[in-house]
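See structure below.
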Number of protein chains: 2
Amino acid sequence: MGVDINEELCRLINQGINPIPEEEGLEELIAQHGGKELVATSNFQDAAVCRTFIVIVPLFVDQSANPDFTIMEKALKSLGKILKKGDLVVLETTFPPGTTDGPVRSWLCQSSGLEKEDFSLAYSPERIMTGYSLSRLREFPKVIGGTDEESGQKAFQVYTRFIPNLHLVSSARVAEMIKVMEGCYRDVNVALANELLKIAKDMDIDFFEAREYANHQYCHIHLPSTGVGGHCIPVYPWFLIKEMEKQESFSHCRLLRTAREVNDEMIQYWAEEVLRQCLKIDKPLAKIKICIRGITFRACVKEFYHSRNMALARLLVQKGLDVYVSDPLQSPEEIAAKGLRFIEPEEADLIFDPFDLNFSRGREKTA
Amino acid sequence: MGVDINEELCRLINQGINPIPEEEGLEELIAQHGGKELVATSNFQDAAVCRTFIVIVPLFVDQSANPDFTIMEKALKSLGKILKKGDLVVLETTFPPGTTDGPVRSWLCQSSGLEKEDFSLAYSPERIMTGYSLSRLREFPKVIGGTDEESGQKAFQVYTRFIPNLHLVSSARVAEMIKVMEGCYRDVNVALANELLKIAKDMDIDFFEAREYANHQYCHIHLPSTGVGGHCIPVYPWFLIKEMEKQESFSHCRLLRTAREVNDEMIQYWAEEVLRQCLKIDKPLAKIKICIRGITFRACVKEFYHSRNMALARLLVQKGLDVYVSDPLQSPEEIAAKGLRFIEPEEADLIFDPFDLNFSRGREKTA
């Protein structure tokens with residue numbers, strides 16, 4: 001049984017229609033099982049017959065980069081109302097370490113009236129990648145940890161039925177840390193790639209050629225970018241940074257903080273690059289039509305949360321430049337709804353593709 | 001032919017005796033070829049018959065982290081005296097990008113009286129690892145780049161005779177950058193591991209358990225340490241930082257700088273840990289014999305350059321603690337010569353092993 005507050009989503013699934021077409025292999029599964037073995041509902045009460053609950057509602061951060069548990073608290077309090085003695089709850093949302101055994105447990109106890117020993121509670125971070133969720137579940141290592149030994153064992157027994165590569169770790173807390181650490185590794189290494197890209201440019205060296213031969217089995221220099229967007233990587237380092245600030249261990253999160261800043265400031269660097277390219281075009285700045293080709297945070301994923309590409313477009317607009325946008329996943333109307341202007345790339349003078357960091361000419365070239 | 005200013009080294013090689021016993025497989029090679037196919041000499045003039053020169057004398061940095069080219073300049077000016085038209089020179093020492101095509105070429109031209117087009121000049125960074133040099137040469141990818149196309153091609157033809165996995169890149173400059181970038185990747189990732197270790201400790205999480213399951217094909221969290229020592233990793237980021245400072249591009253090297261600081265400050269963290277451990281021992285601080293087991297910069301390598309383990313021992317001495325040292329590669333006399341005191345670890349109250357970051361008890365335990 002699947003529970004989601006989105007009624008339309010539930011309706012589609014129950015009709016055997018895949019609501020997420022970009023997920024490879026999902027269509028066949030939903031067509032086969034939707035409305036039969038897999039029933040979706042917007043009503044938590046319908047799930048009262050279940051004994052195991054896997055929760056993966058999103059966690060956002062507020063303007064100050066503190067986690068905002070509003071949705072999570074609401075979902076867990078709804079779940080609490082149908083929770084019975086002996087049930088198992090497993091969280092999959094990426095959390096600041098300590099959340100499962102702390103606030104999650106409290107909300108469940110409060111809402112259910114159960115004691116902590118009445119139900120099992122564990123944590124197993126999702127490690128899927130949008131577009132590859134099914135193959136990731138089948139192939140990728142997954143970890144699971146309980147808030148106590150019995151919960152861990154019980155959760156492991158359930159998950160091992162559908163996750164081939166599963167590892168039981170010593171606690172929910174460690175499992176939470178594992179996922180956050182992965183995110184920090186990504187963020188810091190993207191920041192390193194971005195910094196090396198800037199240095200290579202300053203030193204008149206082709207970063208991409210150097211990267212190709214620098215990388216080997218012990219060296220994994222990442223790809224540079226306009227920064228890091230989405231709900232995951234730019235958010236997770238803050239879980240640790242905020243905890244260290246709370247403990248007044250400011251010196252224990254300097255690298256994570258610097259990496260966050262380096263990545264977020266990349267739009268300044270690319271804005272400079274856009275201007276440098278504009279200087280090569282024989283027109284006054286104000287007359288150069290600039291097209292940012294892609295405003296989602298990642299190519300092929302229709303998601304804008306903390307999108308640095310959209311932030312770059314807005315920064316250039318603020319600077320008074322003649323900026324337009326095109327996006328393969330966005331209609332001109334959707335772009336307009338975001339306060340940006342659509343253009344066919346070939347109609348622009350300068351096109352910046354933020355996914356391959358490439359500049360090209362539009363109409364001047366074809367003229 | 002091998003040229004080295006160390007006469008004793010040359011004498012040993014010519015007698016077929018391996019002067020570097022820790023290099024696996026070297027003994028057999030020196031025994032077979034030393035004094036026969038391989039002749040070592042301290043006199044540059046003896047090498048005048050050669051047409052290809054591979055130079056790998058060390059490059060140090062001064063107190064302000066600027067490269068000190070003294071030895072390099074001397075070696076290249078000696079080489080210049082025997083350099084002939086049509087010869088090939090390949091540098092292997094890790095350099096700030098631009099060095100081969102800049103100062104190296106100048107010194108060779110000055111000393112030889114040749115014009116730049118009279119000889120070929122290329123760069124191929126060594127990627128060996130102390131102790132595994134021979135297997136690395138046989139298996140590891142190696143890059144080579146010329147200061148012009150002909151030099152690159154010529155150097156490639158020579159190297160391809162003894163390097164199976166060789167890649168020609170577009171310039172000596174790119175080849176120089178490749179090696180420096182690798183070092184930056186290591187330094188930043190060790191800093192990340194060190195920072196995550198501190199955070200995990202603050203959050204009461206076993207870093208090593210979390211690391212074990214966080215790592216997979218896309219995640220390579222390194223091992224934490226007392227910092228980064230030796231002639232390589234702590235030095236290379238400075239090549240880029242100093243260049244950015246020269247260009248007043250201060251914001252382009254913030255992550256590299258922070259990583260350097262995080263790594264260098266790890267001895268403060270471990271000093272705190274030593275004190276924390278001392279508090280658990282039922283003796284006044286001044287009476288607790290502390291043993292640092294290992295003062296080389298890396299286990300099994302008798303090298304002290306920028307050794308953070310030695311720096312830690314000295315920091316604790318400065319704080320007035322009763323600090324001793326033991327080291328499997330150092331005699332008590334050698335330790336004394338470094339201004340430190342030797343102890344048999346079991347005679348100490350507290351033993352810190354800086355290579356596996358482990359604390360143990362000495363005589364109290366056995367008493």
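Chain identifiers are assigned as A, B, and so on, following the order in which chains appear in the structure tokens; residues are numbered from 1 within each chain, and ligands are numbered from 1 in order of appearance.
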Practice prompt. Might you pull out every residue within 9 Å of stretch 135-149 of chain A, with only C-alpha atoms counted and same-chain residues fewer than 2 positions away left off, and present them as number ranges by chain?
Written response: A: 24-25, 90, 100-101, 120-129, 132-133, 151-156, 159, 162-176, 178; B: 213-214, 216
Limited to C-alpha atoms, could you put the picked residues into a file as an mmCIF file, in the first residue's frame?
data_model
loop_
_atom_site.group_PDB
_atom_site.id
_atom_site.type_symbol
_atom_site.label_atom_id
_atom_site.label_comp_id
_atom_site.auth_asym_id
_atom_site.auth_seq_id
_atom_site.Cartn_x
_atom_site.Cartn_y
_atom_site.Cartn_z
ATOM 1 C CA GLU A 24 13.319 3.555 -15.985
ATOM 2 C CA GLY A 25 11.394 0.305 -15.538
ATOM 3 C CA VAL A 90 11.404 2.576 9.126
ATOM 4 C CA THR A 100 14.954 9.010 14.224
ATOM 5 C CA ASP A 101 15.740 8.247 17.836
ATOM 6 C CA SER A 120 10.128 -1.029 16.514
ATOM 7 C CA LEU A 121 11.852 1.937 14.955
ATOM 8 C CA ALA A 122 14.676 1.897 12.442
ATOM 9 C CA TYR A 123 16.331 4.004 9.786
ATOM 10 C CA SER A 124 17.508 3.110 6.294
ATOM 11 C CA PRO A 125 18.538 6.052 4.118
ATOM 12 C CA GLU A 126 17.358 5.992 0.518
ATOM 13 C CA ARG A 127 20.265 5.930 -1.877
ATOM 14 C CA ILE A 128 18.349 6.032 -5.114
ATOM 15 C CA MET A 129 19.083 8.479 -7.892
ATOM 16 C CA TYR A 132 17.585 5.127 -11.710
ATOM 17 C CA SER A 133 15.602 4.321 -8.588
ATOM 18 C CA SER A 151 14.383 -2.943 15.884
ATOM 19 C CA GLY A 152 17.512 -3.234 13.764
ATOM 20 C CA GLN A 153 17.160 -7.002 13.422
ATOM 21 C CA LYS A 154 13.468 -6.802 12.641
ATOM 22 C CA ALA A 155 13.913 -4.077 10.036
ATOM 23 C CA PHE A 156 16.786 -6.017 8.474
ATOM 24 C CA TYR A 159 14.230 -5.224 4.001
ATOM 25 C CA PHE A 162 13.554 -6.929 -1.378
ATOM 26 C CA ILE A 163 17.047 -5.391 -1.013
ATOM 27 C CA PRO A 164 19.788 -7.775 -2.167
ATOM 28 C CA ASN A 165 22.757 -5.722 -0.935
ATOM 29 C CA LEU A 166 21.794 -4.791 2.639
ATOM 30 C CA HIS A 167 24.040 -4.042 5.651
ATOM 31 C CA LEU A 168 22.880 -3.813 9.252
ATOM 32 C CA VAL A 169 24.815 -1.112 11.113
ATOM 33 C CA SER A 170 24.983 -0.582 14.855
ATOM 34 C CA SER A 171 22.349 2.141 15.189
ATOM 35 C CA ALA A 172 19.861 4.373 13.400
ATOM 36 C CA ARG A 173 22.196 7.242 14.293
ATOM 37 C CA VAL A 174 25.126 5.720 12.393
ATOM 38 C CA ALA A 175 22.848 4.993 9.415
ATOM 39 C CA GLU A 176 21.750 8.634 9.457
ATOM 40 C CA ILE A 178 26.306 7.550 6.630
ATOM 41 C CA TYR B 213 29.310 1.905 4.803
ATOM 42 C CA ALA B 214 29.301 5.424 3.374
ATOM 43 C CA HIS B 216 30.942 2.782 -2.401
#
Practice prompt. Please report, as a ChimeraX atom specification, each residue of stretch 131-339 of chain A to which DSSP assigns strand (DSSP E) when run on this structure's backbone.
Written response: /A:142-146,166-169,289-293,322-326
Practice prompt. Assign secondary structure with DSSP using the backbone only, and return the residues of stretch 189-332 of chain B in alpha helix (DSSP H) as a VMD selection string.
Written response: chain B and resid 189 to 202 207 to 214 236 to 246 254 to 264 266 to 279 308 to 318 332
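Across B:Arg314, B:Lys116, B:Arg361, B:His222, the tightest approach to chain A is made by B:His222 when counting only C-alpha atoms.
Taking atom CA of B:Lys246 and atom CA of B:Ser307 as the two end points, the separation is 27.8 Å.
For the pair atom CA of A:Lys338 and atom CA of A:Phe239, the separation is 28.8 Å.
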Item to complete: Within 6 Å of B:Leu91, counting only C-alpha atoms, which residues show up once you throw out same-chain ones fewer than 2 positions away? Write them as a ChimeraX atom specification, please.
Response: /B:54-55,93,123
Generate a file of the selected residues that holds N, CA and C atoms, formatted as a PDB file, in the first residue's frame.
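New file again15.pdb:
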ATOM      1  N   ILE B  54      66.621  12.327 -17.845  1.00  0.00           N
ATOM      2  CA  ILE B  54      65.413  12.370 -17.015  1.00  0.00           C
ATOM      3  C   ILE B  54      65.815  12.944 -15.664  1.00  0.00           C
ATOM      4  N   VAL B  55      65.205  14.053 -15.289  1.00  0.00           N
ATOM      5  CA  VAL B  55      65.629  14.780 -14.087  1.00  0.00           C
ATOM      6  C   VAL B  55      64.551  14.673 -13.013  1.00  0.00           C
ATOM      7  N   THR B  93      60.076  15.822 -11.540  1.00  0.00           N
ATOM      8  CA  THR B  93      59.761  16.447 -10.257  1.00  0.00           C
ATOM      9  C   THR B  93      58.417  17.167 -10.352  1.00  0.00           C
ATOM     10  N   TYR B 123      57.792  17.039 -19.961  1.00  0.00           N
ATOM     11  CA  TYR B 123      57.508  16.839 -18.543  1.00  0.00           C
ATOM     12  C   TYR B 123      56.632  15.599 -18.370  1.00  0.00           C
TER      13      TYR B 123
END
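Atom pair atom CA of A:Asp353 / atom CA of A:Ala65 has a distance of 28.5 Å (rounded to one decimal).
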Worksheet entry | Test item: residues at most 6 Å from A:Gly34, only C-alpha atoms, excluding those fewer than 6 positions along its chain, as a PyMOL selection string | chain A and resi 13-14+16
Mind listing as an mmCIF file with N, CA and C atoms, in the first residue's frame which residues of chain B are within 7 Å of chain A, counting only C-alpha atoms?
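Dumped to part.cif:
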data_model
loop_
_atom_site.group_PDB
_atom_site.id
_atom_site.type_symbol
_atom_site.label_atom_id
_atom_site.label_comp_id
_atom_site.auth_asym_id
_atom_site.auth_seq_id
_atom_site.Cartn_x
_atom_site.Cartn_y
_atom_site.Cartn_z
ATOM 1 N N VAL B 174 50.013 21.216 -18.946
ATOM 2 C CA VAL B 174 48.874 20.375 -18.546
ATOM 3 C C VAL B 174 49.382 19.196 -17.709
ATOM 4 N N MET B 177 50.013 20.354 -14.279
ATOM 5 C CA MET B 177 48.761 20.592 -13.545
ATOM 6 C C MET B 177 48.145 19.282 -13.066
ATOM 7 N N ILE B 178 48.236 18.256 -13.892
ATOM 8 C CA ILE B 178 47.650 16.952 -13.555
ATOM 9 C C ILE B 178 48.178 16.461 -12.215
ATOM 10 N N LYS B 179 49.494 16.514 -12.049
ATOM 11 C CA LYS B 179 50.075 15.997 -10.805
ATOM 12 C C LYS B 179 49.663 16.854 -9.606
ATOM 13 N N MET B 181 46.987 18.673 -9.288
ATOM 14 C CA MET B 181 45.563 18.443 -9.012
ATOM 15 C C MET B 181 45.343 17.163 -8.203
ATOM 16 N N GLU B 182 46.078 16.120 -8.560
ATOM 17 C CA GLU B 182 45.979 14.878 -7.787
ATOM 18 C C GLU B 182 46.297 15.129 -6.311
ATOM 19 N N TYR B 185 43.474 16.912 -4.636
ATOM 20 C CA TYR B 185 42.374 15.982 -4.342
ATOM 21 C C TYR B 185 42.644 15.233 -3.042
ATOM 22 N N LEU B 192 38.698 16.569 4.616
ATOM 23 C CA LEU B 192 37.283 16.223 4.795
ATOM 24 C C LEU B 192 37.137 15.071 5.785
ATOM 25 N N GLU B 195 37.760 16.382 9.212
ATOM 26 C CA GLU B 195 36.639 17.185 9.714
ATOM 27 C C GLU B 195 35.457 16.280 10.105
ATOM 28 N N LYS B 198 36.015 14.588 13.439
ATOM 29 C CA LYS B 198 35.765 15.467 14.583
ATOM 30 C C LYS B 198 34.260 15.628 14.813
ATOM 31 N N ILE B 199 33.531 15.807 13.722
ATOM 32 C CA ILE B 199 32.071 15.984 13.853
ATOM 33 C C ILE B 199 31.441 14.710 14.418
ATOM 34 N N ILE B 205 29.232 9.419 17.363
ATOM 35 C CA ILE B 205 29.045 8.437 16.296
ATOM 36 C C ILE B 205 30.412 7.860 15.948
ATOM 37 N N ALA B 210 30.761 4.440 10.231
ATOM 38 C CA ALA B 210 30.002 5.224 9.244
ATOM 39 C C ALA B 210 30.749 5.277 7.915
ATOM 40 N N ARG B 211 32.076 5.497 7.994
ATOM 41 C CA ARG B 211 32.881 5.578 6.777
ATOM 42 C C ARG B 211 32.819 4.279 5.979
ATOM 43 N N TYR B 213 30.526 2.116 5.592
ATOM 44 C CA TYR B 213 29.310 1.905 4.803
ATOM 45 C C TYR B 213 28.922 3.122 3.969
ATOM 46 N N ALA B 214 29.551 4.252 4.230
ATOM 47 C CA ALA B 214 29.301 5.424 3.374
ATOM 48 C C ALA B 214 30.024 5.235 2.041
ATOM 49 N N CYS B 219 31.637 7.090 -3.742
ATOM 50 C CA CYS B 219 31.968 7.823 -2.519
ATOM 51 C C CYS B 219 33.281 7.283 -1.955
ATOM 52 N N ILE B 221 35.413 8.450 0.901
ATOM 53 C CA ILE B 221 35.855 9.206 2.072
ATOM 54 C C ILE B 221 37.186 8.609 2.528
ATOM 55 N N HIS B 252 39.800 32.339 -5.446
ATOM 56 C CA HIS B 252 39.873 31.114 -6.244
ATOM 57 C C HIS B 252 40.646 29.990 -5.556
ATOM 58 N N CYS B 253 41.060 30.191 -4.331
ATOM 59 C CA CYS B 253 41.803 29.098 -3.673
ATOM 60 C C CYS B 253 41.371 28.932 -2.219
ATOM 61 N N LEU B 255 39.066 26.904 -0.846
ATOM 62 C CA LEU B 255 38.904 25.528 -0.368
ATOM 63 C C LEU B 255 40.273 24.889 -0.135
ATOM 64 N N THR B 258 41.689 26.309 3.084
ATOM 65 C CA THR B 258 41.001 25.791 4.269
ATOM 66 C C THR B 258 41.427 24.345 4.543
ATOM 67 N N ALA B 259 41.524 23.550 3.484
ATOM 68 C CA ALA B 259 41.928 22.151 3.654
ATOM 69 C C ALA B 259 43.323 22.066 4.273
#
Worksheet item: Got a sec: who's within 10 Å of A:Val301, counting only C-alpha atoms, leaving out chain neighbours fewer than 6 positions off, as a PyMOL selection string?
Response: chain A and resi 22+130-131+230+329
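Among the candidates A:Glu272, A:Glu344, A:Glu333, A:Glu248, the one nearest to A:Leu316 when counting only C-alpha atoms is A:Glu272.
Contact shell of B:Phe359 at 12 Å (only C-alpha atoms; same-chain neighbours under 2 positions omitted): Trp270, Glu273, Val274, Leu275, Arg276, Gln277, Cys278, Lys280, Ile290, Cys291, Ile292, Arg293, Pro345, Ala348, Asp349, Leu350, Ile351, Phe352, Asp353, Pro354, Phe355, Asp356, Leu357, Arg361 and Gly362 of chain B.
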Would you save the residues from that selection as an mmCIF file, in the first residue's frame, using N, CA and C atoms?
data_model
loop_
_atom_site.group_PDB
_atom_site.id
_atom_site.type_symbol
_atom_site.label_atom_id
_atom_site.label_comp_id
_atom_site.auth_asym_id
_atom_site.auth_seq_id
_atom_site.Cartn_x
_atom_site.Cartn_y
_atom_site.Cartn_z
ATOM 1 N N TRP B 270 44.464 16.328 18.214
ATOM 2 C CA TRP B 270 45.003 15.122 18.845
ATOM 3 C C TRP B 270 45.658 15.439 20.188
ATOM 4 N N GLU B 273 42.898 15.298 22.502
ATOM 5 C CA GLU B 273 42.542 13.903 22.759
ATOM 6 C C GLU B 273 43.514 13.265 23.753
ATOM 7 N N VAL B 274 44.798 13.582 23.602
ATOM 8 C CA VAL B 274 45.808 13.051 24.530
ATOM 9 C C VAL B 274 45.459 13.505 25.949
ATOM 10 N N LEU B 275 45.128 14.781 26.091
ATOM 11 C CA LEU B 275 44.791 15.296 27.419
ATOM 12 C C LEU B 275 43.519 14.637 27.960
ATOM 13 N N ARG B 276 42.546 14.438 27.109
ATOM 14 C CA ARG B 276 41.303 13.779 27.518
ATOM 15 C C ARG B 276 41.616 12.378 28.053
ATOM 16 N N GLN B 277 42.513 11.682 27.349
ATOM 17 C CA GLN B 277 42.900 10.339 27.796
ATOM 18 C C GLN B 277 43.653 10.414 29.128
ATOM 19 N N CYS B 278 44.488 11.446 29.276
ATOM 20 C CA CYS B 278 45.260 11.603 30.512
ATOM 21 C C CYS B 278 44.327 11.765 31.720
ATOM 22 N N LYS B 280 41.743 10.312 32.323
ATOM 23 C CA LYS B 280 41.220 9.009 32.753
ATOM 24 C C LYS B 280 42.246 8.234 33.567
ATOM 25 N N ILE B 290 53.778 9.855 28.525
ATOM 26 C CA ILE B 290 53.032 9.735 27.269
ATOM 27 C C ILE B 290 53.996 9.302 26.174
ATOM 28 N N CYS B 291 53.628 8.257 25.470
ATOM 29 C CA CYS B 291 54.469 7.800 24.350
ATOM 30 C C CYS B 291 53.755 8.000 23.019
ATOM 31 N N ILE B 292 54.396 8.744 22.111
ATOM 32 C CA ILE B 292 53.906 8.845 20.735
ATOM 33 C C ILE B 292 54.640 7.769 19.937
ATOM 34 N N ARG B 293 53.894 6.780 19.485
ATOM 35 C CA ARG B 293 54.525 5.630 18.835
ATOM 36 C C ARG B 293 54.575 5.845 17.318
ATOM 37 N N PRO B 345 57.424 1.541 24.569
ATOM 38 C CA PRO B 345 56.014 1.885 24.759
ATOM 39 C C PRO B 345 55.418 1.301 26.051
ATOM 40 N N ALA B 348 55.461 3.361 29.189
ATOM 41 C CA ALA B 348 54.659 4.597 29.276
ATOM 42 C C ALA B 348 53.309 4.308 29.928
ATOM 43 N N ASP B 349 52.659 5.368 30.407
ATOM 44 C CA ASP B 349 51.305 5.208 30.945
ATOM 45 C C ASP B 349 50.274 5.227 29.825
ATOM 46 N N LEU B 350 50.535 6.116 28.861
ATOM 47 C CA LEU B 350 49.578 6.291 27.765
ATOM 48 C C LEU B 350 50.351 6.231 26.454
ATOM 49 N N ILE B 351 49.858 5.427 25.542
ATOM 50 C CA ILE B 351 50.507 5.290 24.238
ATOM 51 C C ILE B 351 49.536 5.769 23.169
ATOM 52 N N PHE B 352 50.011 6.652 22.308
ATOM 53 C CA PHE B 352 49.196 7.080 21.168
ATOM 54 C C PHE B 352 49.870 6.610 19.895
ATOM 55 N N ASP B 353 49.159 5.825 19.129
ATOM 56 C CA ASP B 353 49.678 5.384 17.837
ATOM 57 C C ASP B 353 49.088 6.292 16.761
ATOM 58 N N PRO B 354 49.892 7.180 16.197
ATOM 59 C CA PRO B 354 49.332 8.159 15.257
ATOM 60 C C PRO B 354 48.967 7.578 13.898
ATOM 61 N N PHE B 355 49.385 6.342 13.634
ATOM 62 C CA PHE B 355 49.063 5.763 12.324
ATOM 63 C C PHE B 355 47.704 5.077 12.331
ATOM 64 N N ASP B 356 47.327 4.457 13.469
ATOM 65 C CA ASP B 356 45.947 3.954 13.497
ATOM 66 C C ASP B 356 45.080 4.762 14.465
ATOM 67 N N LEU B 357 45.578 5.923 14.916
ATOM 68 C CA LEU B 357 44.816 6.869 15.750
ATOM 69 C C LEU B 357 44.249 6.187 16.991
ATOM 70 N N ARG B 361 47.067 1.755 26.955
ATOM 71 C CA ARG B 361 47.801 1.939 28.207
ATOM 72 C C ARG B 361 49.054 1.087 28.202
ATOM 73 N N GLY B 362 50.110 1.588 28.808
ATOM 74 C CA GLY B 362 51.341 0.822 28.894
ATOM 75 C C GLY B 362 51.447 0.132 30.239
#
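Proximity to A:Phe95 was assessed for A:Leu59, A:Leu279, A:Met310, A:Ala31 counting only C-alpha atoms; the smallest distance is recorded for A:Leu59.
Closest approach to B:Lys74 among B:Ala48, B:Ala313, B:Ile5, B:Leu223 is made by B:Ile5 (distances from only C-alpha atoms).
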